[in-house]
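Enquirer: The structure follows.
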There are 2 protein chains.
Amino acid sequence: MDKLIQYINKHISLTAEEEGLLLSKLKRRTYLKGQYVSQSGDISKHYNFIESGKTRTFYLDDNGNEHIVAFGIENYWIGDLGSIISQTPADFNVQCLDKTTVIQIACNQLEQLYHDIPKLERYFRITVQNAYVNAQKRIVRNFSLSAQERYLLFLEEQAEIAQRVPQYMIASYLGITKEFLSHLRNQIAKDAKS
Amino acid sequence: MDKLIQYINKHISLTAEEEGLLLSKLKRRTYLKGQYVSQSGDISKHYNFIESGKTRTFYLDDNGNEHIVAFGIENYWIGDLGSIISQTPADFNVQCLDKTTVIQIACNQLEQLYHDIPKLERYFRITVQNAYVNAQKRIVRNFSLSAQERYLLFLEEQAEIAQRVPQYMIASYLGITKEFLSHLRNQIAKDAKS
DNA sequence: CGTCTATTTGAATGTACTCAAAAGCGGTGG
DNA sequence: CCACCGCTTTTGAGTACATTCAAATAGACG
């Protein structure tokens with residue numbers, strides 16, 4: 001679980017004692033491809049840090065269409081934060097796209113941990129703050145950019161993810177249909193030639 | 001500045017001493033209608049809590065179109081968080097829609113405040129966490145709901161704001177044109193009759 | 001090689017946009 | 001009190017971007 005500790009220590013400095021306490025509360029768990037780390041409707045039991053593998057967080061709308069909210073790869077925190085913080089049924093599903101190993105913090109121990117290691121408040125404040133800034137950026141882009149521009153930006157900014165997930169999921173993440181993304185790629189290829 | 005202290009104390013418990021220290025760092029400032037609390041391109045100098053009035057946070061895209069990212073009313077925190085936390089040029093403009101009084105924390109004192117009153121880490125963690133959950137919800141809705149559904153939901157969930165801002169700004173917030181929103185309203189009125 | 005999943009292609013459709021013009025609605029001044 | 005001004009909302013026609021549905025093609029894996 002060194003990688004997680006290392007990540008946390010980028011923002012705060014844990015003492016050896018705190019590190020030990022934190023480690024004692026963490027559990028490693030491995031999911032197979034296709035398994036769900038958490039499911040819509042359930043109350044989330046843990047917050048997860050990906051050690052290896054990849055996941056998608058998606059929402060199933062009333063018409064049965066899937067909408068990918070986020071991808072997760074190594075060193076990402078995943079889970080339905082709304083469910084985790086208020087212990088209400090989750091809106092989102094978190095599914096593994098590969099065999100995936102996560103480090104879990106149980107929700108019912110999170111408050112205790114914040115109490116025992118107040119520095120963690122800082123760590124998570126910073127982490128969530130960054131996630132929030134990105135979410136706002138995404139909202140604005142979805143309004144102000146065309147689907148093609150959004151796709152090109154995605155390839156650029158999230159190159160690693162782009163290479164590791166199937167195209168129809170990228171379409172879903174971008175908020176367009178897989179057919180339309182295919183059309184866009186065709187278009188882009190044509191434009192590149194001329 | 002009691003209202004802010006009161007709001008903060010919903011999540012944490014400040015001692016009298018901490019309260020005093022915090023208060024000594026806060027400044028009240030009033031802007032006229034139309035004035036900017038912060039502007040795109042500038043590096044944000046403070047984070048703002050609205051005591052009275054209302055604001056819009058918007059992004060100006062490459063085609064010169066405005067996209068409203070958020071509205072602010074009493075008891076909301078406003079500002080370009082991306083700029084505030086990394087002291088980079090802001091993406092967003094925050095403009096007052098009325099005479100607006102805010103309580104400001106200077107960015108260059110924020111870290112010191114976190115140091116002196118670690119509980120504030122917790123307060124802002126919780127605040128940003130909630131904002132993030134809402135942002136994710138908005139992303140999903142923009143994908144899975146039609147413009148009409150989004151509008152009706154907005155009226156329901158943000159009734160107060162809906163009554164206090166002009167329609168063309170609501171359209172911008174929803175990511176549609178003012179003309180199309182007008183069309184939708186027409187449609188909704190017709191549907192209601194039959 | 002066959003099966004299953006992912007991607008491509010194309011035609012018809014729909015949702016939302018653009019542009020232009022008209023109508024409504026406060027305020028302000030004559 | 002009315003006329004005019006600026007700003008917001010409405011209306012309508014034509015258009016564009018993205019969707020749906022159906023079918024063909026390509027890729028991956030046993």
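Numbering starts fresh at 1 for the residues of each chain in the structure tokens, the chains themselves are lettered A, B, ... in the order given, and ligands are numbered from 1 as they appear.
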Determine, counting only C-alpha atoms (C1' of nucleotides), which protein, DNA and RNA residues have an atom within 8 Å of an atom of segment 42-55 of chain B; residues of the same chain fewer than 2 positions away are not included. Present the result as a PDB file with N, CA and C atoms, in the first residue's frame.

Expert:
ATOM      1  N   MET B   1     -20.506  39.679  10.151  1.00  0.00           N
ATOM      2  CA  MET B   1     -19.997  38.447   9.530  1.00  0.00           C
ATOM      3  C   MET B   1     -20.492  37.222  10.276  1.00  0.00           C
ATOM      4  N   LYS B   3     -23.181  35.590   9.999  1.00  0.00           N
ATOM      5  CA  LYS B   3     -23.833  34.553   9.198  1.00  0.00           C
ATOM      6  C   LYS B   3     -22.802  33.546   8.680  1.00  0.00           C
ATOM      7  N   LEU B   4     -21.648  34.049   8.290  1.00  0.00           N
ATOM      8  CA  LEU B   4     -20.605  33.138   7.811  1.00  0.00           C
ATOM      9  C   LEU B   4     -20.132  32.236   8.941  1.00  0.00           C
ATOM     10  N   SER B  38     -14.377  38.797  -9.750  1.00  0.00           N
ATOM     11  CA  SER B  38     -13.098  38.377 -10.329  1.00  0.00           C
ATOM     12  C   SER B  38     -13.284  38.173 -11.810  1.00  0.00           C
ATOM     13  N   GLN B  39     -12.196  38.296 -12.544  1.00  0.00           N
ATOM     14  CA  GLN B  39     -12.287  38.294 -13.989  1.00  0.00           C
ATOM     15  C   GLN B  39     -11.375  37.256 -14.614  1.00  0.00           C
ATOM     16  N   SER B  40     -11.879  36.688 -15.679  1.00  0.00           N
ATOM     17  CA  SER B  40     -11.108  35.727 -16.463  1.00  0.00           C
ATOM     18  C   SER B  40      -9.786  36.357 -16.889  1.00  0.00           C
ATOM     19  N   THR B  57     -21.362  33.237 -12.352  1.00  0.00           N
ATOM     20  CA  THR B  57     -20.012  32.870 -12.735  1.00  0.00           C
ATOM     21  C   THR B  57     -20.121  32.342 -14.151  1.00  0.00           C
ATOM     22  N   PHE B  71     -24.659  30.156 -10.417  1.00  0.00           N
ATOM     23  CA  PHE B  71     -25.210  31.374  -9.833  1.00  0.00           C
ATOM     24  C   PHE B  71     -24.790  31.411  -8.375  1.00  0.00           C
ATOM     25  N   GLY B  72     -24.747  32.591  -7.818  1.00  0.00           N
ATOM     26  CA  GLY B  72     -24.454  32.708  -6.390  1.00  0.00           C
ATOM     27  C   GLY B  72     -25.500  33.579  -5.715  1.00  0.00           C
ATOM     28  N   ILE B  73     -25.995  33.120  -4.589  1.00  0.00           N
ATOM     29  CA  ILE B  73     -26.882  33.952  -3.773  1.00  0.00           C
ATOM     30  C   ILE B  73     -26.371  33.911  -2.330  1.00  0.00           C
ATOM     31  N   GLU B  74     -27.125  34.451  -1.411  1.00  0.00           N
ATOM     32  CA  GLU B  74     -26.727  34.522  -0.015  1.00  0.00           C
ATOM     33  C   GLU B  74     -26.187  33.160   0.470  1.00  0.00           C
ATOM     34  N   ASN B  75     -25.079  33.233   1.179  1.00  0.00           N
ATOM     35  CA  ASN B  75     -24.487  32.050   1.817  1.00  0.00           C
ATOM     36  C   ASN B  75     -23.778  31.085   0.857  1.00  0.00           C
ATOM     37  N   TYR B  76     -23.542  31.539  -0.358  1.00  0.00           N
ATOM     38  CA  TYR B  76     -22.772  30.727  -1.291  1.00  0.00           C
ATOM     39  C   TYR B  76     -21.327  31.228  -1.302  1.00  0.00           C
ATOM     40  N   TRP B  77     -20.418  30.310  -1.515  1.00  0.00           N
ATOM     41  CA  TRP B  77     -19.034  30.679  -1.787  1.00  0.00           C
ATOM     42  C   TRP B  77     -18.885  30.849  -3.284  1.00  0.00           C
ATOM     43  N   ILE B  78     -18.225  31.913  -3.702  1.00  0.00           N
ATOM     44  CA  ILE B  78     -18.013  32.117  -5.136  1.00  0.00           C
ATOM     45  C   ILE B  78     -16.560  32.473  -5.417  1.00  0.00           C
ATOM     46  N   GLY B  79     -16.174  32.228  -6.648  1.00  0.00           N
ATOM     47  CA  GLY B  79     -14.811  32.497  -7.082  1.00  0.00           C
ATOM     48  C   GLY B  79     -14.381  31.421  -8.065  1.00  0.00           C
ATOM     49  N   ASP B  80     -13.269  31.652  -8.717  1.00  0.00           N
ATOM     50  CA  ASP B  80     -12.718  30.659  -9.621  1.00  0.00           C
ATOM     51  C   ASP B  80     -11.750  29.805  -8.815  1.00  0.00           C
ATOM     52  N   LEU B  81     -12.233  28.658  -8.367  1.00  0.00           N
ATOM     53  CA  LEU B  81     -11.455  27.834  -7.450  1.00  0.00           C
ATOM     54  C   LEU B  81     -10.125  27.402  -8.060  1.00  0.00           C
ATOM     55  N   SER B  83      -8.260  29.024 -10.091  1.00  0.00           N
ATOM     56  CA  SER B  83      -7.326  30.140  -9.977  1.00  0.00           C
ATOM     57  C   SER B  83      -6.915  30.364  -8.524  1.00  0.00           C
ATOM     58  N   ILE B  84      -7.864  30.230  -7.620  1.00  0.00           N
ATOM     59  CA  ILE B  84      -7.588  30.461  -6.208  1.00  0.00           C
ATOM     60  C   ILE B  84      -6.566  29.461  -5.664  1.00  0.00           C
ATOM     61  N   GLN B  87      -3.273  29.697  -8.128  1.00  0.00           N
ATOM     62  CA  GLN B  87      -2.803  31.048  -8.471  1.00  0.00           C
ATOM     63  C   GLN B  87      -2.365  31.130  -9.926  1.00  0.00           C
ATOM     64  N   THR B  88      -3.262  30.654 -10.788  1.00  0.00           N
ATOM     65  CA  THR B  88      -3.107  30.745 -12.236  1.00  0.00           C
ATOM     66  C   THR B  88      -4.223  31.643 -12.755  1.00  0.00           C
ATOM     67  N   PRO B  89      -4.109  32.156 -13.977  1.00  0.00           N
ATOM     68  CA  PRO B  89      -5.171  33.034 -14.493  1.00  0.00           C
ATOM     69  C   PRO B  89      -6.530  32.332 -14.483  1.00  0.00           C
ATOM     70  N   ALA B  90      -7.526  33.061 -14.065  1.00  0.00           N
ATOM     71  CA  ALA B  90      -8.868  32.497 -13.953  1.00  0.00           C
ATOM     72  C   ALA B  90      -9.485  32.214 -15.321  1.00  0.00           C
ATOM     73  N   VAL B  94     -16.690  36.346 -12.507  1.00  0.00           N
ATOM     74  CA  VAL B  94     -17.751  36.368 -11.504  1.00  0.00           C
ATOM     75  C   VAL B  94     -18.293  37.784 -11.460  1.00  0.00           C
ATOM     76  N   GLN B  95     -19.547  37.919 -11.864  1.00  0.00           N
ATOM     77  CA  GLN B  95     -20.145  39.244 -11.987  1.00  0.00           C
ATOM     78  C   GLN B  95     -21.369  39.379 -11.090  1.00  0.00           C
ATOM     79  N   CYS B  96     -21.531  40.559 -10.513  1.00  0.00           N
ATOM     80  CA  CYS B  96     -22.684  40.791  -9.639  1.00  0.00           C
ATOM     81  C   CYS B  96     -23.905  41.162 -10.469  1.00  0.00           C
ATOM     82  N   LEU B  97     -25.012  40.543 -10.153  1.00  0.00           N
ATOM     83  CA  LEU B  97     -26.264  40.809 -10.867  1.00  0.00           C
ATOM     84  C   LEU B  97     -27.111  41.830 -10.115  1.00  0.00           C
ATOM     85  N   ASP B  98     -26.670  42.159  -8.938  1.00  0.00           N
ATOM     86  CA  ASP B  98     -27.298  43.141  -8.049  1.00  0.00           C
ATOM     87  C   ASP B  98     -26.166  43.770  -7.260  1.00  0.00           C
ATOM     88  N   LYS B  99     -26.503  44.759  -6.478  1.00  0.00           N
ATOM     89  CA  LYS B  99     -25.556  45.237  -5.473  1.00  0.00           C
ATOM     90  C   LYS B  99     -25.290  44.056  -4.543  1.00  0.00           C
ATOM     91  N   THR B 100     -24.032  43.703  -4.373  1.00  0.00           N
ATOM     92  CA  THR B 100     -23.711  42.459  -3.675  1.00  0.00           C
ATOM     93  C   THR B 100     -22.621  42.668  -2.636  1.00  0.00           C
ATOM     94  N   THR B 101     -22.875  42.181  -1.430  1.00  0.00           N
ATOM     95  CA  THR B 101     -21.876  42.277  -0.372  1.00  0.00           C
ATOM     96  C   THR B 101     -21.284  40.903  -0.100  1.00  0.00           C
ATOM     97  N   VAL B 102     -19.955  40.842  -0.138  1.00  0.00           N
ATOM     98  CA  VAL B 102     -19.283  39.564   0.092  1.00  0.00           C
ATOM     99  C   VAL B 102     -18.308  39.686   1.250  1.00  0.00           C
ATOM    100  N   ILE B 103     -18.016  38.539   1.846  1.00  0.00           N
ATOM    101  CA  ILE B 103     -16.966  38.472   2.851  1.00  0.00           C
ATOM    102  C   ILE B 103     -15.803  37.754   2.195  1.00  0.00           C
ATOM    103  N   GLN B 104     -14.637  38.388   2.235  1.00  0.00           N
ATOM    104  CA  GLN B 104     -13.507  37.867   1.479  1.00  0.00           C
ATOM    105  C   GLN B 104     -12.396  37.314   2.365  1.00  0.00           C
ATOM    106  N   ILE B 105     -11.850  36.196   1.901  1.00  0.00           N
ATOM    107  CA  ILE B 105     -10.615  35.689   2.486  1.00  0.00           C
ATOM    108  C   ILE B 105      -9.543  35.838   1.421  1.00  0.00           C
ATOM    109  N   ALA B 106      -8.467  36.496   1.737  1.00  0.00           N
ATOM    110  CA  ALA B 106      -7.394  36.672   0.758  1.00  0.00           C
ATOM    111  C   ALA B 106      -6.700  35.339   0.526  1.00  0.00           C
ATOM    112  N   CYS B 107      -6.415  35.035  -0.745  1.00  0.00           N
ATOM    113  CA  CYS B 107      -5.778  33.767  -1.084  1.00  0.00           C
ATOM    114  C   CYS B 107      -4.440  33.610  -0.379  1.00  0.00           C
ATOM    115  N   ASN B 108      -3.695  34.711  -0.263  1.00  0.00           N
ATOM    116  CA  ASN B 108      -2.362  34.603   0.328  1.00  0.00           C
ATOM    117  C   ASN B 108      -2.404  34.428   1.845  1.00  0.00           C
TER     118      ASN B 108
END

Enquirer: I'd like the contact shell of segment 3-18 of chain D - 10 Å cut-off, only C-alpha atoms (C1' of nucleotides), skipping same-chain residues fewer than 5 positions apart - returned as a PyMOL selection string.

Expert: (chain A and resi 146-147+176-177+179-181) or (chain B and resi 166-168+178-179+181-183+186) or (chain C and resi 14-30)

Enquirer: Output the coordinates of chain B after least-squares fitting to chain A on all in-order C-alpha pairs, as a compact mmCIF listing (two decimals) with C-alpha atoms, in the first residue's frame.

Expert:
# COMPACT_ATOMS: atom_id res chain seq x y z
CA MET B 1 0.02 0.00 0.01
CA ASP B 2 3.11 2.10 -0.29
CA LYS B 3 1.93 3.82 -3.42
CA LEU B 4 -1.10 5.25 -1.65
CA ILE B 5 0.96 6.44 1.31
CA GLN B 6 3.41 7.97 -1.12
CA TYR B 7 0.57 9.75 -2.90
CA ILE B 8 -0.84 11.08 0.32
CA ASN B 9 2.58 12.30 1.39
CA LYS B 10 2.74 14.49 -1.69
CA HIS B 11 0.27 16.77 0.02
CA ILE B 12 0.77 16.20 3.72
CA SER B 13 3.43 14.65 5.96
CA LEU B 14 2.29 11.72 8.01
CA THR B 15 4.30 10.69 11.03
CA ALA B 16 5.33 7.04 11.28
CA GLU B 17 2.67 6.57 13.89
CA GLU B 18 -0.07 8.10 11.76
CA GLU B 19 1.08 6.06 8.82
CA GLY B 20 0.78 2.92 10.91
CA LEU B 21 -2.68 3.83 12.11
CA LEU B 22 -3.83 4.59 8.60
CA LEU B 23 -2.38 1.36 7.24
CA SER B 24 -4.18 -0.63 9.92
CA LYS B 25 -7.49 0.68 8.59
CA LEU B 26 -6.87 -0.07 4.95
CA LYS B 27 -7.80 -3.26 3.16
CA ARG B 28 -6.67 -4.49 -0.18
CA ARG B 29 -9.20 -6.14 -2.44
CA THR B 30 -9.08 -7.50 -5.95
CA TYR B 31 -12.02 -7.56 -8.37
CA LEU B 32 -12.28 -9.46 -11.63
CA LYS B 33 -13.08 -7.88 -14.94
CA GLY B 34 -16.74 -7.00 -15.04
CA GLN B 35 -17.24 -6.99 -11.27
CA TYR B 36 -18.73 -4.03 -9.49
CA VAL B 37 -16.88 -2.10 -6.82
CA SER B 38 -20.13 -0.41 -5.97
CA GLN B 39 -23.58 -0.42 -7.45
CA SER B 40 -26.31 2.09 -8.02
CA GLY B 41 -28.99 1.73 -5.36
CA ASP B 42 -26.64 0.31 -2.74
CA ILE B 43 -25.20 2.39 0.05
CA SER B 44 -21.47 2.63 -0.53
CA LYS B 45 -19.39 0.91 2.11
CA HIS B 46 -15.93 2.12 1.13
CA TYR B 47 -13.89 4.61 -0.74
CA ASN B 48 -11.36 3.03 -3.12
CA PHE B 49 -7.89 3.89 -4.33
CA ILE B 50 -6.87 1.98 -7.45
CA GLU B 51 -3.57 0.18 -7.12
CA SER B 52 -3.80 -1.52 -10.49
CA GLY B 53 -6.41 -2.11 -13.17
CA LYS B 54 -9.09 0.18 -14.51
CA THR B 55 -12.71 1.06 -13.86
CA ARG B 56 -15.58 3.05 -15.20
CA THR B 57 -18.13 4.91 -13.16
CA PHE B 58 -21.43 5.15 -14.99
CA TYR B 59 -25.01 6.16 -14.59
CA LEU B 60 -27.94 4.24 -16.04
CA ASP B 61 -30.68 6.66 -17.08
CA ASP B 62 -34.43 6.09 -17.23
CA ASN B 63 -34.22 5.00 -20.85
CA GLY B 64 -31.63 2.38 -20.03
CA ASN B 65 -28.73 4.29 -21.56
CA GLU B 66 -25.37 4.23 -19.85
CA HIS B 67 -23.48 7.45 -19.29
CA ILE B 68 -19.88 7.23 -18.18
CA VAL B 69 -19.13 9.77 -15.50
CA ALA B 70 -15.47 8.91 -14.98
CA PHE B 71 -12.76 6.41 -15.73
CA GLY B 72 -10.39 5.19 -13.07
CA ILE B 73 -6.83 3.99 -13.48
CA GLU B 74 -3.86 3.53 -11.14
CA ASN B 75 -3.72 6.09 -8.33
CA TYR B 76 -7.26 7.35 -8.79
CA TRP B 77 -9.85 7.44 -6.05
CA ILE B 78 -13.14 5.92 -7.13
CA GLY B 79 -16.58 5.54 -5.65
CA ASP B 80 -19.89 7.33 -5.49
CA LEU B 81 -18.91 10.24 -3.28
CA GLY B 82 -22.50 11.32 -2.77
CA SER B 83 -23.34 7.93 -1.34
CA ILE B 84 -20.12 7.72 0.66
CA ILE B 85 -20.55 11.02 2.43
CA SER B 86 -24.24 10.91 3.15
CA GLN B 87 -24.74 7.14 3.24
CA THR B 88 -27.62 7.33 0.79
CA PRO B 89 -28.22 4.94 -2.13
CA ALA B 90 -25.63 5.43 -4.83
CA ASP B 91 -26.52 6.95 -8.20
CA PHE B 92 -23.56 5.46 -9.94
CA ASN B 93 -22.13 2.05 -10.71
CA VAL B 94 -18.40 1.49 -10.50
CA GLN B 95 -17.35 -1.44 -12.64
CA CYS B 96 -13.94 -2.95 -13.28
CA LEU B 97 -12.85 -3.07 -16.90
CA ASP B 98 -9.92 -5.33 -16.03
CA LYS B 99 -8.82 -7.32 -13.05
CA THR B 100 -8.47 -4.46 -10.59
CA THR B 101 -6.87 -4.15 -7.18
CA VAL B 102 -8.04 -1.38 -4.88
CA ILE B 103 -7.17 -0.17 -1.43
CA GLN B 104 -10.31 0.45 0.56
CA ILE B 105 -11.22 2.70 3.43
CA ALA B 106 -14.48 1.72 5.07
CA CYS B 107 -16.97 4.60 5.22
CA ASN B 108 -17.80 3.86 8.84
CA GLN B 109 -14.17 4.34 9.79
CA LEU B 110 -13.58 7.44 7.75
CA GLU B 111 -14.87 9.87 10.37
CA GLN B 112 -12.78 8.22 13.02
CA LEU B 113 -9.75 8.49 10.78
CA TYR B 114 -10.39 12.17 10.21
CA HIS B 115 -10.56 12.54 13.95
CA ASP B 116 -7.37 10.60 14.66
CA ILE B 117 -5.40 12.05 11.76
CA PRO B 118 -6.75 15.54 11.10
CA LYS B 119 -4.18 15.99 8.35
CA LEU B 120 -6.29 13.66 6.26
CA GLU B 121 -8.90 16.38 6.12
CA ARG B 122 -6.32 18.43 4.29
CA TYR B 123 -5.37 15.62 1.97
CA PHE B 124 -8.93 14.95 0.94
CA ARG B 125 -9.77 18.63 0.75
CA ILE B 126 -7.03 19.07 -1.81
CA THR B 127 -7.97 15.93 -3.71
CA VAL B 128 -11.64 16.79 -3.92
CA GLN B 129 -10.86 20.40 -4.75
CA ASN B 130 -8.92 19.30 -7.80
CA ALA B 131 -11.66 16.91 -8.81
CA TYR B 132 -14.20 19.71 -8.48
CA VAL B 133 -12.19 22.09 -10.63
CA ASN B 134 -11.98 19.40 -13.30
CA ALA B 135 -15.70 18.73 -13.09
CA GLN B 136 -16.44 22.40 -13.65
CA LYS B 137 -14.09 22.44 -16.59
CA ARG B 138 -15.91 19.48 -18.05
CA ILE B 139 -19.31 21.13 -17.64
CA VAL B 140 -18.11 24.20 -19.48
CA ARG B 141 -16.53 22.20 -22.25
CA ASN B 142 -19.63 20.17 -22.82
CA PHE B 143 -21.41 23.45 -23.46
CA SER B 144 -18.84 25.38 -25.40
CA LEU B 145 -17.09 22.78 -27.52
CA SER B 146 -18.37 20.61 -30.35
CA ALA B 147 -18.25 16.83 -30.00
CA GLN B 148 -15.21 16.73 -32.26
CA GLU B 149 -13.31 19.29 -30.21
CA ARG B 150 -14.19 17.42 -27.03
CA TYR B 151 -12.92 14.19 -28.50
CA LEU B 152 -9.61 15.66 -29.65
CA LEU B 153 -9.10 17.27 -26.28
CA PHE B 154 -9.82 13.99 -24.58
CA LEU B 155 -7.21 12.20 -26.69
CA GLU B 156 -4.72 14.89 -25.79
CA GLU B 157 -5.39 15.26 -22.09
CA GLN B 158 -6.29 11.72 -21.19
CA ALA B 159 -4.11 9.89 -23.65
CA GLU B 160 -3.46 6.94 -21.41
CA ILE B 161 -7.12 6.31 -20.71
CA ALA B 162 -7.95 6.83 -24.38
CA GLN B 163 -5.64 3.97 -25.28
CA ARG B 164 -6.95 1.65 -22.64
CA VAL B 165 -10.72 1.80 -23.02
CA PRO B 166 -12.93 0.82 -25.96
CA GLN B 167 -14.21 3.51 -28.23
CA TYR B 168 -17.85 3.13 -27.36
CA MET B 169 -17.02 3.99 -23.76
CA ILE B 170 -15.15 7.09 -24.83
CA ALA B 171 -18.27 8.08 -26.76
CA SER B 172 -20.31 7.58 -23.62
CA TYR B 173 -17.87 9.67 -21.59
CA LEU B 174 -18.06 12.44 -24.16
CA GLY B 175 -21.85 12.31 -24.15
CA ILE B 176 -22.32 11.15 -27.75
CA THR B 177 -23.32 7.88 -29.39
CA LYS B 178 -20.73 5.36 -30.52
CA GLU B 179 -21.96 5.73 -34.08
CA PHE B 180 -21.43 9.45 -34.05
CA LEU B 181 -17.94 9.10 -32.61
CA SER B 182 -17.12 6.69 -35.39
CA HIS B 183 -18.35 9.28 -37.86
CA LEU B 184 -16.21 11.94 -36.21
CA ARG B 185 -13.10 9.79 -36.42
CA ASN B 186 -13.79 9.22 -40.07
CA GLN B 187 -14.11 12.96 -40.53
CA ILE B 188 -10.90 13.67 -38.62
CA ALA B 189 -8.98 11.15 -40.73
CA LYS B 190 -10.26 12.78 -43.91
CA ASP B 191 -9.37 16.26 -42.67
CA ALA B 192 -5.87 15.08 -41.83
CA LYS B 193 -5.26 13.91 -45.39
CA SER B 194 -6.18 17.16 -47.12

Enquirer: Would you give me, as an NGL selection string, the residues in segment 57-183 of chain A that DSSP reads as alpha helix (DSSP H)?

Expert: :A and (81-86 or 107-116 or 119-144 or 147-157 or 159-164 or 167-174 or 178-183)

Enquirer: Output C-alpha atoms for every residue in the selection just made, as a JSON list (two decimals), in the first residue's frame.

Expert:
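Output (result10.json):
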[["chain", "number", "residue", "atom", "x", "y", "z"],
["A", 81, "LEU", "CA", -18.92, 10.24, -3.29],
["A", 82, "GLY", "CA", -22.51, 11.31, -2.76],
["A", 83, "SER", "CA", -23.34, 7.92, -1.33],
["A", 84, "ILE", "CA", -20.13, 7.71, 0.65],
["A", 85, "ILE", "CA", -20.55, 11.01, 2.42],
["A", 86, "SER", "CA", -24.25, 10.90, 3.15],
["A", 107, "CYS", "CA", -16.96, 4.59, 5.22],
["A", 108, "ASN", "CA", -17.81, 3.86, 8.83],
["A", 109, "GLN", "CA", -14.16, 4.35, 9.79],
["A", 110, "LEU", "CA", -13.58, 7.43, 7.75],
["A", 111, "GLU", "CA", -14.86, 9.86, 10.36],
["A", 112, "GLN", "CA", -12.77, 8.19, 13.02],
["A", 113, "LEU", "CA", -9.74, 8.47, 10.79],
["A", 114, "TYR", "CA", -10.38, 12.14, 10.20],
["A", 115, "HIS", "CA", -10.54, 12.52, 13.95],
["A", 116, "ASP", "CA", -7.38, 10.59, 14.66],
["A", 119, "LYS", "CA", -4.18, 15.99, 8.35],
["A", 120, "LEU", "CA", -6.30, 13.65, 6.26],
["A", 121, "GLU", "CA", -8.91, 16.36, 6.10],
["A", 122, "ARG", "CA", -6.33, 18.40, 4.27],
["A", 123, "TYR", "CA", -5.36, 15.59, 1.95],
["A", 124, "PHE", "CA", -8.92, 14.93, 0.93],
["A", 125, "ARG", "CA", -9.76, 18.62, 0.73],
["A", 126, "ILE", "CA", -7.02, 19.06, -1.83],
["A", 127, "THR", "CA", -7.96, 15.93, -3.71],
["A", 128, "VAL", "CA", -11.64, 16.79, -3.93],
["A", 129, "GLN", "CA", -10.86, 20.40, -4.76],
["A", 130, "ASN", "CA", -8.92, 19.29, -7.80],
["A", 131, "ALA", "CA", -11.66, 16.90, -8.81],
["A", 132, "TYR", "CA", -14.19, 19.71, -8.48],
["A", 133, "VAL", "CA", -12.19, 22.08, -10.64],
["A", 134, "ASN", "CA", -11.98, 19.40, -13.31],
["A", 135, "ALA", "CA", -15.69, 18.73, -13.10],
["A", 136, "GLN", "CA", -16.46, 22.40, -13.65],
["A", 137, "LYS", "CA", -14.10, 22.44, -16.59],
["A", 138, "ARG", "CA", -15.92, 19.49, -18.06],
["A", 139, "ILE", "CA", -19.31, 21.13, -17.65],
["A", 140, "VAL", "CA", -18.13, 24.21, -19.49],
["A", 141, "ARG", "CA", -16.54, 22.21, -22.27],
["A", 142, "ASN", "CA", -19.62, 20.18, -22.83],
["A", 143, "PHE", "CA", -21.42, 23.45, -23.47],
["A", 144, "SER", "CA", -18.87, 25.36, -25.42],
["A", 147, "ALA", "CA", -18.25, 16.85, -30.01],
["A", 148, "GLN", "CA", -15.21, 16.74, -32.27],
["A", 149, "GLU", "CA", -13.32, 19.29, -30.23],
["A", 150, "ARG", "CA", -14.18, 17.44, -27.04],
["A", 151, "TYR", "CA", -12.92, 14.20, -28.52],
["A", 152, "LEU", "CA", -9.63, 15.67, -29.67],
["A", 153, "LEU", "CA", -9.10, 17.28, -26.28],
["A", 154, "PHE", "CA", -9.83, 13.99, -24.58],
["A", 155, "LEU", "CA", -7.22, 12.22, -26.70],
["A", 156, "GLU", "CA", -4.73, 14.88, -25.79],
["A", 157, "GLU", "CA", -5.40, 15.27, -22.10],
["A", 159, "ALA", "CA", -4.13, 9.91, -23.64],
["A", 160, "GLU", "CA", -3.47, 6.97, -21.39],
["A", 161, "ILE", "CA", -7.12, 6.33, -20.71],
["A", 162, "ALA", "CA", -7.97, 6.85, -24.37],
["A", 163, "GLN", "CA", -5.64, 4.01, -25.27],
["A", 164, "ARG", "CA", -6.95, 1.68, -22.62],
["A", 167, "GLN", "CA", -14.22, 3.52, -28.22],
["A", 168, "TYR", "CA", -17.87, 3.17, -27.34],
["A", 169, "MET", "CA", -17.03, 4.03, -23.75],
["A", 170, "ILE", "CA", -15.18, 7.12, -24.83],
["A", 171, "ALA", "CA", -18.29, 8.11, -26.76],
["A", 172, "SER", "CA", -20.34, 7.61, -23.62],
["A", 173, "TYR", "CA", -17.89, 9.69, -21.59],
["A", 174, "LEU", "CA", -18.08, 12.46, -24.17],
["A", 178, "LYS", "CA", -20.73, 5.37, -30.52],
["A", 179, "GLU", "CA", -21.96, 5.74, -34.10],
["A", 180, "PHE", "CA", -21.42, 9.47, -34.07],
["A", 181, "LEU", "CA", -17.94, 9.11, -32.62],
["A", 182, "SER", "CA", -17.13, 6.69, -35.40],
["A", 183, "HIS", "CA", -18.35, 9.28, -37.88]]

Enquirer: Which residues of chain C are close to chain A, meaning at most 8 Å apart when you count only C-alpha atoms (C1' of nucleotides), and how do they look as a list of chain:residue names?

Expert: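 Close enough to count are C:DA6, C:DT7, C:DT8.
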
Enquirer: When DSSP works through the backbone of this structure, what residues of chain A end up as strand (DSSP E), shown as number ranges by chain?

Expert: A: 26-31, 36-38, 46-52, 55-60, 66-72, 77-78, 93-96, 100-106

Enquirer: Could you check how far atom C1' of DT3 of chain C sits from atom C1' of DT25 of chain D, in Å to one decimal?

Expert: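 Here the two named atoms are 14.8 Å from each other.
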
Enquirer: For atom C1' of DG2 of chain C and atom C1' of DA24 of chain D, quote the distance in Å rounded to one decimal.

Expert: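 According to the coordinates, atom C1' of DG2 of chain C and atom C1' of DA24 of chain D are separated by 17.5 Å.
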